[in-house]
Amino acid sequence: MSSSKKTWAWLHRRTESFIAQSESLISTGRRPVSYLNPVQEDPRQEDGQGSSNSAAQEGSAAPTNNPHSSDLHSDMSPAMAKDNLPPPVIQRRPKDSSEAEKGSSSLNMSHLKQSLTQEIDSSRASAPLTAYCFMTGFIDAVCFSAIFVWCAFQTGNSVQLALALARLFNGAHDYSFHLADRQALCSVLTFIFGAFIGRLGDKIGCKTRLWMTLGTFIQTLFTMVAAIAIWKSGQPSVSDSRYDPAWSNTLSFVCIGFMSASMGLQGIMGKRLNSQFTTTVVLTTTWCELMTEPQLFHFRRLVIARDHKVMAILFLFIGGFTGRAILDKIGSAGTLGVGAGIRFLITLSWLFVPVKKAPKN
């Protein structure tokens, strides 16, 4: 009996303890224990605190698997439940890869535009200008071998037209317009047209990398069209007599026109750079300036004014020799095709010419 009484007394005390804990929680509005946000109580307690307070703190510091926590949580108001929710998690969306690529491409385009619109240093453009002189001799070799007319040296063509006009006033009264005179007139007019195209460089910037690249590429296209025209014409490449030109049909005139236009454009582009190579198409002025050079005989050191003029004369001679050698092997069309390829390489070379440095104060 004594053991059963002790058991009932122990159960009675435990029941009263649970009731006291429940009443203290509900009456004081203490925040219930939640599985999501457990309340951590300070283990240090002040001295002199009553037994009821200790019991309440023990109840609040109970483990999260308290069976009464869900019931107490359900009895709370919606406002209190809203206040007790954990803060929302804010996720930052990563930048779209397309936006990053767009920004990178716009930056690259701005750098490319800046590079193309900068002025080149003409004093350091000796390689493409020397190649210009080479192409002068190369193109003239093709044209003169077939019809004895120059595509680049318009002095001779102008004098030839003057002689054709003078024949009208001689005793024979020859009113015919000879084939050679028509070819010379075609060369002069199309050379002027090509030089007029060079005025576009004044709008873009005659010394910018963009114009030098674009203008040389136009010369490449003109040379390619000339090669196609003379190939379609079926005309021979070399004439044995000045009075019997190898080219005589319409397509041959198209070839002469595009060759002369390419040389006119090359001449105005070379002149705008204002270098020692001058126009790269006329050597009369170059020879005169070379002979009047004060430092002509200073062989022990480099003289840019003298050396660049010598390079222009030498490479024009090499271009003429190379053009005639190739012409004898593969004909006019193939030679002009090779010339178009060389001009395309010159086009690319302008992209590597250094930029003109700003003057120092």
# chains A, B, ... in the order shown; residues from 1 in each chain; ligands from 1
>>> closest_atom_pairs(of="region 232-301 of chain A", to="region 181-186 of chain A", cutoff="10 Å", atoms="only C-alpha atoms", output="Markdown table")
| residue | atom | partner | partner_atom | distance |
| --- | --- | --- | --- | --- |
| A:Pro245 | CA | A:Gln183 | CA | 9.8 |
| A:Trp247 | CA | A:Gln183 | CA | 9.3 |
| A:Ser248 | CA | A:Gln183 | CA | 8.8 |
| A:Ser252 | CA | A:Gln183 | CA | 9.3 |
| A:Phe253 | CA | A:Gln183 | CA | 7.0 |
| A:Val254 | CA | A:Cys186 | CA | 9.0 |
| A:Ile256 | CA | A:Cys186 | CA | 7.2 |
| A:Gly257 | CA | A:Cys186 | CA | 6.2 |
| A:Phe258 | CA | A:Cys186 | CA | 9.9 |
| A:Ser260 | CA | A:Cys186 | CA | 8.5 |
>>> write_last_selection(atoms="all heavy atoms", output="CSV table (one decimal), in the first residue's frame")
chain,number,residue,atom,x,y,z
A,245,PRO,N,48.1,47.7,-131.8
A,245,PRO,CA,47.9,47.4,-130.4
A,245,PRO,C,47.2,46.0,-130.3
A,245,PRO,O,46.4,45.6,-131.1
A,245,PRO,CB,46.9,48.5,-129.9
A,245,PRO,CG,47.1,49.6,-130.9
A,245,PRO,CD,47.4,49.0,-132.2
A,247,TRP,N,45.2,45.1,-127.9
A,247,TRP,CA,43.8,45.3,-127.4
A,247,TRP,C,43.1,46.2,-128.3
A,247,TRP,O,43.6,47.3,-128.5
A,247,TRP,CB,43.8,45.8,-126.0
A,247,TRP,CG,44.6,44.9,-125.0
A,247,TRP,CD1,45.0,43.6,-125.2
A,247,TRP,CD2,44.9,45.2,-123.6
A,247,TRP,NE1,45.6,43.1,-124.0
A,247,TRP,CE2,45.5,44.1,-123.1
A,247,TRP,CE3,44.8,46.4,-122.8
A,247,TRP,CZ2,46.0,44.1,-121.8
A,247,TRP,CZ3,45.2,46.3,-121.5
A,247,TRP,CH2,45.9,45.2,-121.0
A,248,SER,N,41.9,45.8,-128.6
A,248,SER,CA,41.1,46.7,-129.5
A,248,SER,C,39.6,46.6,-129.3
A,248,SER,O,38.9,47.5,-129.8
A,248,SER,CB,41.4,46.3,-131.0
A,248,SER,OG,41.1,45.0,-131.3
A,252,SER,N,38.5,45.4,-123.7
A,252,SER,CA,39.9,45.8,-123.4
A,252,SER,C,39.9,47.3,-123.0
A,252,SER,O,40.7,47.7,-122.1
A,252,SER,CB,40.7,45.7,-124.7
A,252,SER,OG,40.3,46.5,-125.7
A,253,PHE,N,38.9,48.1,-123.5
A,253,PHE,CA,38.8,49.5,-123.0
A,253,PHE,C,38.3,49.5,-121.5
A,253,PHE,O,38.7,50.3,-120.7
A,253,PHE,CB,37.8,50.2,-123.9
A,253,PHE,CG,38.4,50.8,-125.1
A,253,PHE,CD1,38.6,50.1,-126.3
A,253,PHE,CD2,38.9,52.1,-125.1
A,253,PHE,CE1,39.1,50.7,-127.4
A,253,PHE,CE2,39.5,52.7,-126.2
A,253,PHE,CZ,39.6,52.0,-127.4
A,254,VAL,N,37.5,48.5,-121.2
A,254,VAL,CA,37.1,48.4,-119.8
A,254,VAL,C,38.3,48.1,-118.9
A,254,VAL,O,38.4,48.6,-117.8
A,254,VAL,CB,36.0,47.3,-119.6
A,254,VAL,CG1,35.7,47.1,-118.1
A,254,VAL,CG2,34.7,47.7,-120.4
A,256,ILE,N,41.4,48.8,-119.5
A,256,ILE,CA,42.3,50.0,-119.4
A,256,ILE,C,41.7,51.0,-118.4
A,256,ILE,O,42.4,51.6,-117.6
A,256,ILE,CB,42.4,50.7,-120.8
A,256,ILE,CG1,43.1,49.8,-121.8
A,256,ILE,CG2,43.1,52.0,-120.7
A,256,ILE,CD1,43.1,50.2,-123.3
A,257,GLY,N,40.4,51.2,-118.5
A,257,GLY,CA,39.7,52.1,-117.6
A,257,GLY,C,39.9,51.8,-116.1
A,257,GLY,O,40.2,52.7,-115.3
A,258,PHE,N,39.7,50.5,-115.8
A,258,PHE,CA,39.8,50.2,-114.4
A,258,PHE,C,41.3,50.2,-113.9
A,258,PHE,O,41.5,50.5,-112.7
A,258,PHE,CB,39.2,48.8,-114.1
A,258,PHE,CG,37.7,48.9,-113.9
A,258,PHE,CD1,36.8,48.6,-115.0
A,258,PHE,CD2,37.1,49.3,-112.7
A,258,PHE,CE1,35.4,48.6,-114.8
A,258,PHE,CE2,35.8,49.3,-112.5
A,258,PHE,CZ,34.9,49.0,-113.6
A,260,SER,N,43.6,52.3,-115.0
A,260,SER,CA,43.9,53.7,-114.8
A,260,SER,C,43.2,54.3,-113.6
A,260,SER,O,43.8,55.1,-112.9
A,260,SER,CB,43.5,54.4,-116.1
A,260,SER,OG,44.2,53.9,-117.2
>>> closest_atom_pairs(of="region 304-347 of chain A", to="region 107-131 of chain A", cutoff="12 Å", atoms="only C-alpha atoms", output="CSV")
residue,atom,partner,partner_atom,distance
A:Ile304,CA,A:Ser123,CA,8.9
A:Ala305,CA,A:Ser123,CA,10.2
A:Asp307,CA,A:Ser126,CA,10.5
A:His308,CA,A:Ser126,CA,7.6
A:Lys309,CA,A:Thr130,CA,9.7
A:Val310,CA,A:Thr130,CA,10.2
A:Met311,CA,A:Thr130,CA,6.8
A:Ala312,CA,A:Thr130,CA,5.9
A:Ile313,CA,A:Thr130,CA,9.3
A:Leu314,CA,A:Thr130,CA,9.2
A:Phe315,CA,A:Thr130,CA,6.6
A:Leu316,CA,A:Thr130,CA,8.4
A:Phe317,CA,A:Thr130,CA,11.4
A:Ile318,CA,A:Ala131,CA,10.5
A:Gly319,CA,A:Ala131,CA,8.8
A:Gly339,CA,A:Ala131,CA,10.9
A:Ile342,CA,A:Ala131,CA,8.5
A:Arg343,CA,A:Ala131,CA,8.4
A:Phe344,CA,A:Pro128,CA,11.1
A:Leu345,CA,A:Pro128,CA,9.2
A:Ile346,CA,A:Pro128,CA,5.8
A:Thr347,CA,A:Pro128,CA,8.4
>>> write_last_selection(atoms="N, CA and C atoms", output="mmCIF file, in the first residue's frame")
data_model
loop_
_atom_site.group_PDB
_atom_site.id
_atom_site.type_symbol
_atom_site.label_atom_id
_atom_site.label_comp_id
_atom_site.auth_asym_id
_atom_site.auth_seq_id
_atom_site.Cartn_x
_atom_site.Cartn_y
_atom_site.Cartn_z
ATOM 1 N N ILE A 304 66.577 60.005 -94.476
ATOM 2 C CA ILE A 304 65.231 59.570 -94.867
ATOM 3 C C ILE A 304 64.799 60.222 -96.181
ATOM 4 N N ALA A 305 65.027 61.509 -96.328
ATOM 5 C CA ALA A 305 64.593 62.220 -97.536
ATOM 6 C C ALA A 305 65.238 61.636 -98.789
ATOM 7 N N ASP A 307 66.857 58.409 -98.902
ATOM 8 C CA ASP A 307 66.691 56.958 -98.994
ATOM 9 C C ASP A 307 65.299 56.561 -99.456
ATOM 10 N N HIS A 308 64.271 57.263 -99.011
ATOM 11 C CA HIS A 308 62.912 56.921 -99.433
ATOM 12 C C HIS A 308 62.710 57.201 -100.923
ATOM 13 N N LYS A 309 63.327 58.251 -101.429
ATOM 14 C CA LYS A 309 63.217 58.522 -102.866
ATOM 15 C C LYS A 309 63.919 57.426 -103.678
ATOM 16 N N VAL A 310 65.056 56.984 -103.184
ATOM 17 C CA VAL A 310 65.763 55.895 -103.862
ATOM 18 C C VAL A 310 64.926 54.617 -103.837
ATOM 19 N N MET A 311 64.283 54.345 -102.715
ATOM 20 C CA MET A 311 63.417 53.168 -102.624
ATOM 21 C C MET A 311 62.260 53.253 -103.603
ATOM 22 N N ALA A 312 61.656 54.439 -103.757
ATOM 23 C CA ALA A 312 60.538 54.601 -104.689
ATOM 24 C C ALA A 312 60.971 54.304 -106.123
ATOM 25 N N ILE A 313 62.126 54.838 -106.522
ATOM 26 C CA ILE A 313 62.615 54.609 -107.888
ATOM 27 C C ILE A 313 62.977 53.143 -108.098
ATOM 28 N N LEU A 314 63.659 52.557 -107.126
ATOM 29 C CA LEU A 314 64.118 51.179 -107.257
ATOM 30 C C LEU A 314 62.953 50.204 -107.348
ATOM 31 N N PHE A 315 61.942 50.364 -106.479
ATOM 32 C CA PHE A 315 60.841 49.403 -106.472
ATOM 33 C C PHE A 315 59.894 49.611 -107.648
ATOM 34 N N LEU A 316 59.817 50.804 -108.199
ATOM 35 C CA LEU A 316 59.046 50.959 -109.436
ATOM 36 C C LEU A 316 59.727 50.203 -110.568
ATOM 37 N N PHE A 317 61.037 50.263 -110.613
ATOM 38 C CA PHE A 317 61.784 49.500 -111.616
ATOM 39 C C PHE A 317 61.576 47.998 -111.415
ATOM 40 N N ILE A 318 61.650 47.534 -110.154
ATOM 41 C CA ILE A 318 61.452 46.105 -109.866
ATOM 42 C C ILE A 318 60.029 45.679 -110.229
ATOM 43 N N GLY A 319 59.039 46.537 -109.976
ATOM 44 C CA GLY A 319 57.657 46.220 -110.315
ATOM 45 C C GLY A 319 57.468 46.051 -111.810
ATOM 46 N N GLY A 339 48.438 40.895 -109.421
ATOM 47 C CA GLY A 339 48.460 42.271 -108.918
ATOM 48 C C GLY A 339 47.346 42.558 -107.936
ATOM 49 N N ILE A 342 48.395 41.118 -104.638
ATOM 50 C CA ILE A 342 49.399 41.959 -103.968
ATOM 51 C C ILE A 342 48.741 43.182 -103.352
ATOM 52 N N ARG A 343 47.791 43.748 -104.051
ATOM 53 C CA ARG A 343 47.109 44.922 -103.504
ATOM 54 C C ARG A 343 46.268 44.569 -102.279
ATOM 55 N N PHE A 344 45.745 43.384 -102.249
ATOM 56 C CA PHE A 344 45.004 42.972 -101.051
ATOM 57 C C PHE A 344 45.950 42.855 -99.856
ATOM 58 N N LEU A 345 47.158 42.365 -100.082
ATOM 59 C CA LEU A 345 48.143 42.307 -98.995
ATOM 60 C C LEU A 345 48.526 43.715 -98.525
ATOM 61 N N ILE A 346 48.609 44.653 -99.466
ATOM 62 C CA ILE A 346 48.885 46.045 -99.082
ATOM 63 C C ILE A 346 47.735 46.591 -98.237
ATOM 64 N N THR A 347 46.513 46.198 -98.594
ATOM 65 C CA THR A 347 45.343 46.626 -97.804
ATOM 66 C C THR A 347 45.487 46.198 -96.355
#
>>> residues_around(residues="Ser176 (chain A)", least_positions_apart="6", cutoff="12 Å", atoms="only C-alpha atoms", output="mmCIF file with C-alpha atoms, in the first residue's frame")
data_model
loop_
_atom_site.group_PDB
_atom_site.id
_atom_site.type_symbol
_atom_site.label_atom_id
_atom_site.label_comp_id
_atom_site.auth_asym_id
_atom_site.auth_seq_id
_atom_site.Cartn_x
_atom_site.Cartn_y
_atom_site.Cartn_z
ATOM 1 C CA ALA A 164 46.312 63.810 -132.139
ATOM 2 C CA LEU A 165 44.712 67.229 -132.052
ATOM 3 C CA ALA A 166 47.631 68.766 -133.962
ATOM 4 C CA ARG A 167 47.095 66.337 -136.859
ATOM 5 C CA LEU A 168 43.905 68.155 -137.697
ATOM 6 C CA ARG A 182 41.251 56.631 -128.029
#
>>> atom_distance(atom1="CA of Thr208 (chain A)", atom2="CA of Leu265 (chain A)")
15.6 Å
>>> atom_distance(atom1="CA of Arg242 (chain A)", atom2="CA of Trp150 (chain A)")
13.0 Å
>>> select_by_dssp(residues="region 110-277 of chain A", states="helix (DSSP H, G or I)", output="ChimeraX atom specification")
/A:110-117,122-124,126-147,154-169,179-197,200-204,209-233,250-273
>>> residues_around(residues="Ala227 (chain A)", least_positions_apart="2", cutoff="6 Å", atoms="only C-alpha atoms", output="ChimeraX atom specification")
/A:224-225,229-230,333,336-337
>>> atom_distance(atom1="CA of Thr280 (chain A)", atom2="CA of Gly267 (chain A)")
6.1 Å
>>> residues_around(residues="Phe191 (chain A)", least_positions_apart="5", cutoff="7 Å", atoms="only C-alpha atoms", output="ChimeraX atom specification")
/A:260-261,263-264
